[in-house]
Amino acid sequence: MIRYLFPLTIFVGLTVLFIYGLQNDPRYVPSPLINKIAPEFTLPSLHNPESNISVDDIKGAVSLINVWASWCVACRLEHPILNEAVKKYHLNLYGLNYKDKRTNALIWLENLGNPYIESAYDEYGNVGIDYGVYGVPETFLLDKKGVIRYKHIGPIDKRQFDDIIMPLIKKLEQES
Amino acid sequence: MKILYQSIVLALIIFTTHKSFSNDEPVYFTDKNQEQRYYSLIEEVRCLVCQNQSLADSNAPLAQDLRNEIFKMIKSEKSNSQIIEFLVERYGDFVLYRPPLKDNTWLLWFGPFLFLIIAVTTAIIFIKKQSQNNTIDN
Amino acid sequence: MIAELGHFSLILALAMAIIQSTFPIVGAATGNLTYMSLARPAARLQFLFVSISFGILVYSFLINDFSISYVANNSNTLLPWVYRFSAVWGAHEGSLLLWTLILSIWTIAVTFFSHRLPEYFLSRVIGVMGLVSIGFLLFMLFTSNPFERIFPVPLDGADLNPLLQDPGLIIHPPILYMGYVGFSVAFGFAIAALLGGNLDTTWARWSRPWTLLAWMFLTIGIALGSWWAYYELGWGGWWFWDPVENASFMPWLIGTALIHSLAATDKREIFKNWTILLAICAFALSLLGTFLVRSGVITSVHAFATDPTRGIFILALLTIFVGGSLVLYAFRAPSTKSGGKFKLLSRETFLLFNSILFLVAMLTVLLGTIYPLIIEALNLGKLSVGAPYFNAVFVPIMTPVIIFLGFGVLTKWKQDDFSLLLKQLRNLLIASLFIGISIGLIFFENNQLKSIAGIVAALWISTTTLYSLFVKVKNKKNKLAAMRIISRSFYGMLVAHIGFAVCIVGITITSQHSVDIHQRMKIGDVIEFSNYQFHLKDLKTVSGPNYEATEAIVDVIKNEKLVTTLRSQKRIYAVRNMPMTEAGIDAGFTRDIYMALGEPLDNESWSVRLYHKPFVRWIWLGAILMAIGGLLAVLDKRYRLRTLKKKIITVNNEAIP
């Protein structure tokens, strides 16, 4: 008698799985770099082609690395949020200018504001690959030891910044 | 609603990462072995900005970048497993179309054969039982 | 105004569908002839209203009515009229309307070709199909109205995706849907049998032609999809194990199990419960396919733009229909009485093995398709399961199928003698091995083992199947006359099995021996491989109705003779500013030569892809043969109305339960 209920049981299991699936985003790629030391890089500075910026310059304090580009439409959405947040909270925000043209990038920052302490110029996207970047914008949160603790994919909106990122920053500040 | 927003956002990301010019630069190998390895590898790696396409099938700039990486690594004598490790370190297991055999893929790789064994065994038991059944039906 | 008429027509169709399902099903349960007699007219009226609705949508596309949001999103004034027509099913809402239309077509077909069915049984079949219609009509009316208006009316539309601006889009979805939706008939028959409570075998006999027909359409539909992807995408691939492709393949696998199981149930009154379950499963997988494409649960190149509400609705439909039928099954199945017994070595055994092996194949594809979802749900990570996995596991699962096929066609019903059977088979096996190995060694320089395996498999299938014909006529004096009286369904089996063999040959040889070259070329360059020389003669600009293109003209030379001139275009479609490749293909029985123009590189060079694909057409040829086999079986004389009318008079004394 029980064996006739077997197909139904399998079906119920599948349905439950699909209900979960409906709330899930199949294209979201979680980062394997979480809780790992931020990958090494040394790149020319965006504003100052003569000098270099390396990840060691960023490590040591709680910092954000924001991957952006002038050709990125979604970056425009989040830029005001970054501007405001840096002013308000005095964040250590660094930029990774991804596969961009220097002149376009500089003009973009002039027009929309430059919240970055410094931006590194990743012309060919090699550092992007090391950081597992697959879309722009993406933002990495590093702790004092230079370990990546959080990665945000896509533009950050105000709610996400206030509810997720800022509390995390505060928590990391508390750590030794 | 959240999913809708995320979809739009991801669509924007994809839209913005697709530039109007695409590089489709062919690669050249002198070593036949290397060439074969390259072409097999790019079939096995997912293009992360596409809707389910491999690096081999995709025109996206990120796909071109990753193909170049793989090309450079093969040229510098890296092994297939080193190349795969490189990619997984940065993008996770999601980037591989051939899921690695780990704890969480045991059922995947052995499942079909388990199904086969269970199904065949059940069938044989059923056949044996009904062929010896003494009750007369129909 | 006319769009509102289209919308209203759908509402009328829904009303008809409600009448079509409630009255007949209640009537069949209570013996009310009046109620039952409403089935046919309600179904036919439903078809009328759905057709009107569909016709109105087609009309709106043809006249460029951009005040309808669906038209504005999928069409454009520059779009050639034939693609304006096929754009009707180019996206979610319209394809649902197509689904519903095809369901109503199958339903009225059942109303016309079912004189021999008892009224109470037919009522249930039509009633159940009506319930499915209700589901889809509600789905459209609540979440996916194709006639939604848009304000302000845009001056022009967003154009049909250039990938879909192709003859393939005109035929692939309708034929595929004929297959998918056709399994609703088998489903209807199965539920009607369960509702009736006595699973006698007549339902199996009645169900067979309908199921074969649906299976035939699905076979062609999948083959069309594969062929279309091959010439349209420019990569020379013909199957990608994309989740949506898998979603069409799974019902095909179960459909194949179903047609074989129905044969056993029809002939020997066995596997009754199992066959019912397979019928429910086939239709469930059709619905699952519909769900996967539209819900956003998986990533796929085929996925329609999604909305979670729609996903929830289809999931609800799935739950009601599949869950409901499985509950009904759990209640009715235990009381089924089984028919003739059979020993381990018998045709029944091999038919059962066919069922379970195809079931295992389906489960394998299902496992691979939903595994990423399972792992994510259990928070065990995120991974991809793609072609490398499916290719690795599918072939080993298919191998026993191929082996047992040979046994199955030659084994007797009920009981057979092992040593006798072995003798017949041994000779055929030796012949297959000998010929296969010879061909493999002579014609192929590399990948010989796999090529030989494929050829031997195909020879094994063909020789055993043909031998079963030989066995039927070998003791007859007039062999030709004996062959003429053999049933069409036997020939159907023959042709279909050979089609399967042909398909295997195509798949094996093309996967092992295709050559794929990706190089830069400028005018005057020559590339040589597989004994062919490719000369790039010219690159010129070409204008189309809604695109601008660069065309590459390549002469293909073999043994100093011109074999063909290939033309491939790189098009930029104006409206969406989207690039697309039109491949240049020289199709042949034993090989395709294929060119896809890539991108302009620096100076005057372009990247070009050239392919030599041996025996690739055999894949689709094999599928066509399988479909022809199915059609032959449907046209078997035993389903003819005239010869059966005599039997109806004597048999139709059945009491209405």
# chains A, B, ... in the order shown; residues from 1 in each chain; ligands from 1
>>> select_by_dssp(residues="stretch 57-127 of chain A", states="strand (DSSP E)", output="list of chain:residue names")
A:Ser63, A:Leu64, A:Ile65, A:Asn66, A:Val67, A:Trp68, A:Asn92, A:Leu93, A:Tyr94, A:Gly95, A:Leu96, A:Asn97, A:Tyr98, A:Glu118, A:Ser119, A:Ala120, A:Tyr121, A:Asp122
>>> write_last_selection(atoms="N, CA and C atoms", output="PDB file, in the first residue's frame")
ATOM      1  N   SER A  63      38.397  48.622   5.303  1.00  0.00           N
ATOM      2  CA  SER A  63      38.288  49.372   4.050  1.00  0.00           C
ATOM      3  C   SER A  63      37.307  48.737   3.084  1.00  0.00           C
ATOM      4  N   LEU A  64      36.914  49.544   2.123  1.00  0.00           N
ATOM      5  CA  LEU A  64      36.044  49.072   1.047  1.00  0.00           C
ATOM      6  C   LEU A  64      36.779  49.242  -0.280  1.00  0.00           C
ATOM      7  N   ILE A  65      36.713  48.206  -1.109  1.00  0.00           N
ATOM      8  CA  ILE A  65      37.214  48.341  -2.471  1.00  0.00           C
ATOM      9  C   ILE A  65      36.009  48.267  -3.391  1.00  0.00           C
ATOM     10  N   ASN A  66      35.780  49.331  -4.132  1.00  0.00           N
ATOM     11  CA  ASN A  66      34.625  49.375  -5.020  1.00  0.00           C
ATOM     12  C   ASN A  66      35.088  49.274  -6.467  1.00  0.00           C
ATOM     13  N   VAL A  67      34.595  48.258  -7.183  1.00  0.00           N
ATOM     14  CA  VAL A  67      34.965  48.074  -8.581  1.00  0.00           C
ATOM     15  C   VAL A  67      33.996  48.882  -9.430  1.00  0.00           C
ATOM     16  N   TRP A  68      34.518  49.798 -10.237  1.00  0.00           N
ATOM     17  CA  TRP A  68      33.640  50.669 -11.004  1.00  0.00           C
ATOM     18  C   TRP A  68      34.213  50.957 -12.374  1.00  0.00           C
ATOM     19  N   ASN A  92      37.087  54.328   4.612  1.00  0.00           N
ATOM     20  CA  ASN A  92      38.267  54.114   3.770  1.00  0.00           C
ATOM     21  C   ASN A  92      37.801  53.448   2.483  1.00  0.00           C
ATOM     22  N   LEU A  93      37.434  54.286   1.501  1.00  0.00           N
ATOM     23  CA  LEU A  93      36.908  53.735   0.259  1.00  0.00           C
ATOM     24  C   LEU A  93      37.944  53.862  -0.856  1.00  0.00           C
ATOM     25  N   TYR A  94      38.290  52.713  -1.437  1.00  0.00           N
ATOM     26  CA  TYR A  94      39.221  52.709  -2.564  1.00  0.00           C
ATOM     27  C   TYR A  94      38.476  52.248  -3.805  1.00  0.00           C
ATOM     28  N   GLY A  95      38.946  52.725  -4.935  1.00  0.00           N
ATOM     29  CA  GLY A  95      38.280  52.309  -6.167  1.00  0.00           C
ATOM     30  C   GLY A  95      39.170  51.413  -7.003  1.00  0.00           C
ATOM     31  N   LEU A  96      38.543  50.487  -7.735  1.00  0.00           N
ATOM     32  CA  LEU A  96      39.264  49.690  -8.727  1.00  0.00           C
ATOM     33  C   LEU A  96      38.602  50.008 -10.067  1.00  0.00           C
ATOM     34  N   ASN A  97      39.271  50.830 -10.843  1.00  0.00           N
ATOM     35  CA  ASN A  97      38.707  51.231 -12.119  1.00  0.00           C
ATOM     36  C   ASN A  97      38.933  50.111 -13.125  1.00  0.00           C
ATOM     37  N   TYR A  98      37.853  49.454 -13.550  1.00  0.00           N
ATOM     38  CA  TYR A  98      37.919  48.163 -14.240  1.00  0.00           C
ATOM     39  C   TYR A  98      37.739  48.314 -15.742  1.00  0.00           C
ATOM     40  N   GLU A 118      41.759  56.688  -3.230  1.00  0.00           N
ATOM     41  CA  GLU A 118      42.533  56.541  -4.454  1.00  0.00           C
ATOM     42  C   GLU A 118      41.865  55.478  -5.306  1.00  0.00           C
ATOM     43  N   SER A 119      42.052  55.559  -6.607  1.00  0.00           N
ATOM     44  CA  SER A 119      41.548  54.505  -7.476  1.00  0.00           C
ATOM     45  C   SER A 119      42.704  53.853  -8.204  1.00  0.00           C
ATOM     46  N   ALA A 120      42.671  52.527  -8.244  1.00  0.00           N
ATOM     47  CA  ALA A 120      43.688  51.798  -8.999  1.00  0.00           C
ATOM     48  C   ALA A 120      43.160  51.575 -10.412  1.00  0.00           C
ATOM     49  N   TYR A 121      44.064  51.646 -11.383  1.00  0.00           N
ATOM     50  CA  TYR A 121      43.657  51.578 -12.787  1.00  0.00           C
ATOM     51  C   TYR A 121      43.925  50.170 -13.330  1.00  0.00           C
ATOM     52  N   ASP A 122      42.866  49.348 -13.379  1.00  0.00           N
ATOM     53  CA  ASP A 122      42.996  47.973 -13.843  1.00  0.00           C
ATOM     54  C   ASP A 122      42.573  47.928 -15.303  1.00  0.00           C
TER      55      ASP A 122
END
>>> interface_residues(of="chain A", to="chain B", cutoff="7 Å", atoms="only C-alpha atoms", output="VMD selection string")
chain A and resid 25 31 to 33 71 to 74 130 to 132 134 to 136 154
>>> write_last_selection(atoms="C-alpha atoms", output="compact mmCIF listing (two decimals), in the first residue's frame")
# COMPACT_ATOMS: atom_id res chain seq x y z
CA ASP A 25 18.47 33.93 -7.75
CA SER A 31 32.51 34.62 -3.75
CA PRO A 32 35.05 31.99 -2.68
CA LEU A 33 37.28 34.82 -1.43
CA TRP A 71 30.89 52.73 -19.05
CA CYS A 72 28.91 51.08 -16.25
CA VAL A 73 25.32 52.33 -16.07
CA ALA A 74 24.55 50.67 -12.73
CA ASP A 130 41.99 37.77 -9.30
CA TYR A 131 39.12 39.19 -7.26
CA GLY A 132 36.53 37.10 -9.06
CA TYR A 134 32.22 39.14 -13.12
CA GLY A 135 30.10 42.25 -13.27
CA VAL A 136 30.34 45.89 -12.37
CA GLY A 154 25.60 44.95 -8.00
>>> interface_residues(of="chain C", to="chain A", cutoff="9 Å", atoms="only C-alpha atoms", output="number ranges by chain")
C: 277, 295-299, 308, 311-312, 315, 318-319, 322-323, 325-327, 329-331, 333-334, 370, 373-374, 376-377, 381-382
>>> interface_residues(of="chain C", to="chain B", cutoff="6 Å", atoms="only C-alpha atoms", output="PyMOL selection string")
chain C and resi 299-301+339+341-343+364+382-386+388-389+518-519+599
>>> write_last_selection(atoms="C-alpha atoms", output="PDB file, in the first residue's frame")
ATOM      1  CA  THR C 299      19.422  29.902 -15.864  1.00  0.00           C
ATOM      2  CA  SER C 300      18.962  29.057 -19.475  1.00  0.00           C
ATOM      3  CA  VAL C 301      19.436  30.609 -22.879  1.00  0.00           C
ATOM      4  CA  GLY C 339      -2.795 -10.233 -16.484  1.00  0.00           C
ATOM      5  CA  LYS C 341       2.396 -14.200 -16.151  1.00  0.00           C
ATOM      6  CA  PHE C 342       5.782 -14.401 -17.776  1.00  0.00           C
ATOM      7  CA  LYS C 343       9.134 -15.928 -17.095  1.00  0.00           C
ATOM      8  CA  THR C 364      19.588  10.988 -14.457  1.00  0.00           C
ATOM      9  CA  LYS C 382      26.777  26.671  -5.487  1.00  0.00           C
ATOM     10  CA  LEU C 383      27.788  24.592  -8.441  1.00  0.00           C
ATOM     11  CA  SER C 384      27.084  24.043 -12.095  1.00  0.00           C
ATOM     12  CA  VAL C 385      26.141  20.812 -13.784  1.00  0.00           C
ATOM     13  CA  GLY C 386      26.731  21.024 -17.493  1.00  0.00           C
ATOM     14  CA  PRO C 388      30.573  17.314 -19.342  1.00  0.00           C
ATOM     15  CA  TYR C 389      28.521  15.674 -16.585  1.00  0.00           C
ATOM     16  CA  HIS C 518      39.081  29.195 -35.413  1.00  0.00           C
ATOM     17  CA  GLN C 519      41.432  31.489 -37.294  1.00  0.00           C
ATOM     18  CA  GLU C 599      34.316  39.647 -35.676  1.00  0.00           C
TER      19      GLU C 599
END
>>> closest_residue(among="C:Phe151, C:Asp166, C:Leu199, C:Leu380", to="C:Phe85", atoms="only C-alpha atoms")
C:Asp166
>>> residues_around(residues="A:Leu172", least_positions_apart="4", cutoff="9 Å", atoms="only C-alpha atoms", output="list in words")
Val62, Leu142, Asp143, Lys144, Arg149, Pro167, Leu168 and Ser176 of chain A
>>> atom_distance(atom1="atom CA of A:Val127", atom2="atom CA of A:Lys101")
15.8 Å
>>> select_by_dssp(residues="stretch 59-308 of chain C", states="helix (DSSP H, G or I)", output="VMD selection string")
chain C and resid 59 to 62 69 to 74 81 to 89 92 to 112 119 to 143 162 to 164 167 to 196 202 to 233 243 to 268 272 to 295 308
>>> atom_distance(atom1="atom CA of C:Lys540", atom2="atom CA of C:Arg591")
27.6 Å
>>> closest_residue(among="A:Leu77, A:Leu46, A:Ile156, A:Ala38", to="A:Leu109", atoms="only C-alpha atoms")
A:Leu46
>>> atom_distance(atom1="atom CA of A:Phe41", atom2="atom CA of A:Lys151")
17.7 Å
>>> closest_residue(among="A:Asn35, A:Ser70, A:Ser45, A:Thr139", to="A:Ile117", atoms="only C-alpha atoms")
A:Ser45
>>> residues_around(residues="B:Gln36", least_positions_apart="3", cutoff="12 Å", atoms="only C-alpha atoms", output="VMD selection string")
(chain B and resid 27 to 33 39 to 43 71 74 80) or (chain C and resid 515 to 517)
